[in-house]
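To keep things clear, I will list the structure first and then write my remarks on it.
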Amino acid sequence: MGKNLFLTKSLTDLLQEANDNKSGLKKTLTGLNLTTLGIGAIIGAGIFVLTGQAAAQYAGPAIVLSFIISGIACAFAGLCYAEFASMIPISGSAYTYSYATLGEFLAWIIGWDLILEYLFAASTVSVGWSGYVVSFLKDFGIFIPTAFTAATGSVLVEVPKLGWQQLTENLSAGLLAQGISVDSLPHVTAIINLPAMFIIAALTLLLIIGIRESANFNNIMVIVKVAVIIMFIAIGIAFVQAGNWHPFIPENTGEWGHFGWSGVLRGAGVIFFAYIGFDAVSTAAQESKNPQRDMPIGILGSLSISTVLYILVAIVLTGIVSYTTLNVSDPVAVGVDAMGKSMFWLRPIVKIAAIAGLSSVILVMLMGQPRIFYSMSKDGLLPPIFSRVHPKYKTPYVSTILTGCVAIVLAGVLPISILGELVSIGTLLAFAIVCVSIIVLRKTRPDIERPFRTPWVPLIPILGALICFIQMAALPGDTWLRLIVWMAIGFVIYFTYGIHHSKQQKLNNTPK
């Protein structure tokens, strides 16, 4: 049995499956579509939500360094993904790559881990989307009851100038510094986050209708948000006050991971969530017209563009306002407010861009997860219903509906901090395994045609895996505990169902 756990899937079979389009997914995506899908997934919560929160809680203005560290790790992992995606153009992303190189059991681990990345990411970003929508509607005198705009059980307080905010230690300290008693402010305990649930339901329906329609919607959202982000950077530079960058790396508070260099590392681990979009491109490989050429373009192009924009926004935002004021659900809007009344016209534009940007991220995450389920089901590791394709729309509609339903529940009841950290640790583990897989496959199958080759192997994959593991180590202990519990659940499912229904196991046990 131990030997059977590491059965690999034939690359010949994988390529044949990729070329078989009789009952499979529709091939409609171009290199431009893939690049915008990547940008659509990458640029969202990282810029509009997590930049401010991670600066306020962990790294201060040095959040710029956190983005650079994460960007380097992603560049290494992205090069490895590009080689795999061009060589094995099939849905499934890192799951499929691991199945072809490291064996079925490790493929299951990575597939189960990817659920943390895509499913929880959609929920995470929807919480940020909710914050911006609520703020945007308030500007026009439309108020959603506060109890229905945050995670279940969250305690919200009405802060002067900021409105309703979730009560945190950082916020409490900031108010006390201003001579404001937290107990004197109005309190509300949240029931459920309805706006977050709504956007997931709407985008799930769009994804069922078709991949082309979803890609076109994403293209529009990407154009809007990138244009406004560039506008914010260009205008915001004039309002930067260098004093807000000092100290660039605030002193450690006495707790590991809160400012100081440990805070920079923890910030890198937390905001790594902001980079996960580029690997979502690889989940759509089977729906690409020319994956051997277009997949590397989509992965590396979207990663490069997004990294530059992230760093520029982090520099400008922490220069406009003190990092201590950014632990809110709409930090970029706080930055616009600090520019003064003359720039008030920019506030609704930024919020529209944030709403558009976060919408595209949710869309791509909800698109990626069903395609992981689809591949695992086709291999027999999940029930056949997960690979059922809609007869008219040619989309994995059952998996899409299931993903949407679970994401709706998570978005309604869990806070963005817990969701974001779970996504980060799941993503880091996936990237590390992909980097290792490149080294394994170069040794075991040097003869395979590689339209794109990762340079400087094994140096690049080793550095990619190492930086990912360092960032994982910097994450909070309770995040590791949740990962262990999640993986334990996955082991139970694999050993009670997956291994007994695996098509690869049955093929290996068939008498020759």
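Chain labels run A, B, ... following the order of the structure tokens; each chain numbers its residues from 1, and ligands are numbered from 1 in the order shown.
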Within 8 Å of Thr51 (chain A), counting only C-alpha atoms, which residues show up once you throw out same-chain ones fewer than 4 positions away? Write them as a short mmCIF file (atom, residue, chain, number, x, y, z; two decimals) with N, CA and C atoms, in the first residue's frame, please.
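What follows is the written file selection_8.cif:
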data_model
loop_
_atom_site.label_atom_id
_atom_site.label_comp_id
_atom_site.auth_asym_id
_atom_site.auth_seq_id
_atom_site.Cartn_x
_atom_site.Cartn_y
_atom_site.Cartn_z
N GLY A 46 -5.09 42.61 -1.76
CA GLY A 46 -3.74 42.97 -1.38
C GLY A 46 -3.54 44.48 -1.35
N ILE A 47 -4.00 45.16 -2.39
CA ILE A 47 -3.87 46.61 -2.46
C ILE A 47 -4.94 47.31 -1.64
N ALA A 55 0.38 46.73 7.37
CA ALA A 55 1.25 47.82 7.79
C ALA A 55 0.95 48.22 9.23
N ILE A 63 6.19 47.63 5.17
CA ILE A 63 5.34 46.70 4.42
C ILE A 63 5.81 46.64 2.97
N ILE A 271 0.59 39.03 3.71
CA ILE A 271 0.19 39.64 2.45
C ILE A 271 0.54 38.77 1.24
N ALA A 314 1.97 50.72 -1.89
CA ALA A 314 2.41 50.64 -0.50
C ALA A 314 3.26 51.85 -0.14
N PRO A 331 -8.49 50.97 3.59
CA PRO A 331 -7.34 51.84 3.85
C PRO A 331 -7.03 52.82 2.72
#
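For region 122-335 of chain A, backbone-based DSSP labels the following residues as strand (DSSP E): Val155, Leu156, Val157, Glu158, Val159, Gly163, Trp164, Gln165, Gln166, His187, Val188 and Thr189 of chain A.
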Could you save the residues just selected, with N, CA and C atoms, as an mmCIF file, in the first residue's frame?
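Once written, again-v5.cif looks like this:
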data_model
loop_
_atom_site.group_PDB
_atom_site.id
_atom_site.type_symbol
_atom_site.label_atom_id
_atom_site.label_comp_id
_atom_site.auth_asym_id
_atom_site.auth_seq_id
_atom_site.Cartn_x
_atom_site.Cartn_y
_atom_site.Cartn_z
ATOM 1 N N VAL A 155 -17.381 42.358 17.262
ATOM 2 C CA VAL A 155 -17.808 43.532 18.018
ATOM 3 C C VAL A 155 -17.356 44.776 17.259
ATOM 4 N N LEU A 156 -18.323 45.612 16.888
ATOM 5 C CA LEU A 156 -18.040 46.820 16.118
ATOM 6 C C LEU A 156 -18.284 48.043 16.991
ATOM 7 N N VAL A 157 -17.423 49.058 16.804
ATOM 8 C CA VAL A 157 -17.598 50.315 17.525
ATOM 9 C C VAL A 157 -17.639 51.450 16.515
ATOM 10 N N GLU A 158 -18.395 52.491 16.851
ATOM 11 C CA GLU A 158 -18.486 53.649 15.960
ATOM 12 C C GLU A 158 -17.385 54.639 16.331
ATOM 13 N N VAL A 159 -16.367 54.688 15.471
ATOM 14 C CA VAL A 159 -15.199 55.534 15.731
ATOM 15 C C VAL A 159 -15.395 56.885 15.039
ATOM 16 N N GLY A 163 -16.328 55.948 11.248
ATOM 17 C CA GLY A 163 -17.570 55.171 11.209
ATOM 18 C C GLY A 163 -17.411 53.872 11.984
ATOM 19 N N TRP A 164 -18.204 52.877 11.611
ATOM 20 C CA TRP A 164 -18.163 51.601 12.332
ATOM 21 C C TRP A 164 -16.946 50.792 11.929
ATOM 22 N N GLN A 165 -16.179 50.341 12.934
ATOM 23 C CA GLN A 165 -14.977 49.549 12.710
ATOM 24 C C GLN A 165 -14.947 48.371 13.674
ATOM 25 N N GLN A 166 -14.339 47.263 13.226
ATOM 26 C CA GLN A 166 -14.225 46.100 14.100
ATOM 27 C C GLN A 166 -13.253 46.413 15.231
ATOM 28 N N HIS A 187 -21.585 50.288 20.679
ATOM 29 C CA HIS A 187 -21.135 48.951 20.308
ATOM 30 C C HIS A 187 -22.259 48.193 19.603
ATOM 31 N N VAL A 188 -21.874 47.360 18.619
ATOM 32 C CA VAL A 188 -22.821 46.479 17.938
ATOM 33 C C VAL A 188 -22.141 45.130 17.726
ATOM 34 N N THR A 189 -22.870 44.044 18.001
ATOM 35 C CA THR A 189 -22.360 42.695 17.716
ATOM 36 C C THR A 189 -22.944 42.233 16.388
#
- If you count only C-alpha atoms, which residues fall within 12 Å of Leu206 (chain A), apart from same-chain ones fewer than 5 positions away, as a VMD selection string? chain A and resid 199 to 201 211 to 218 359 to 360 362 to 364 366 to 367 393 395 397 400 to 401 404
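Nearest to Leu34 (chain A) of all the residues A:Ala280, A:Ala190, A:Ala338, A:Ile439 is A:Ala280, counting only C-alpha atoms.
The coordinates place CA of Gly263 (chain A) at 19.7 Å from CA of Thr427 (chain A).
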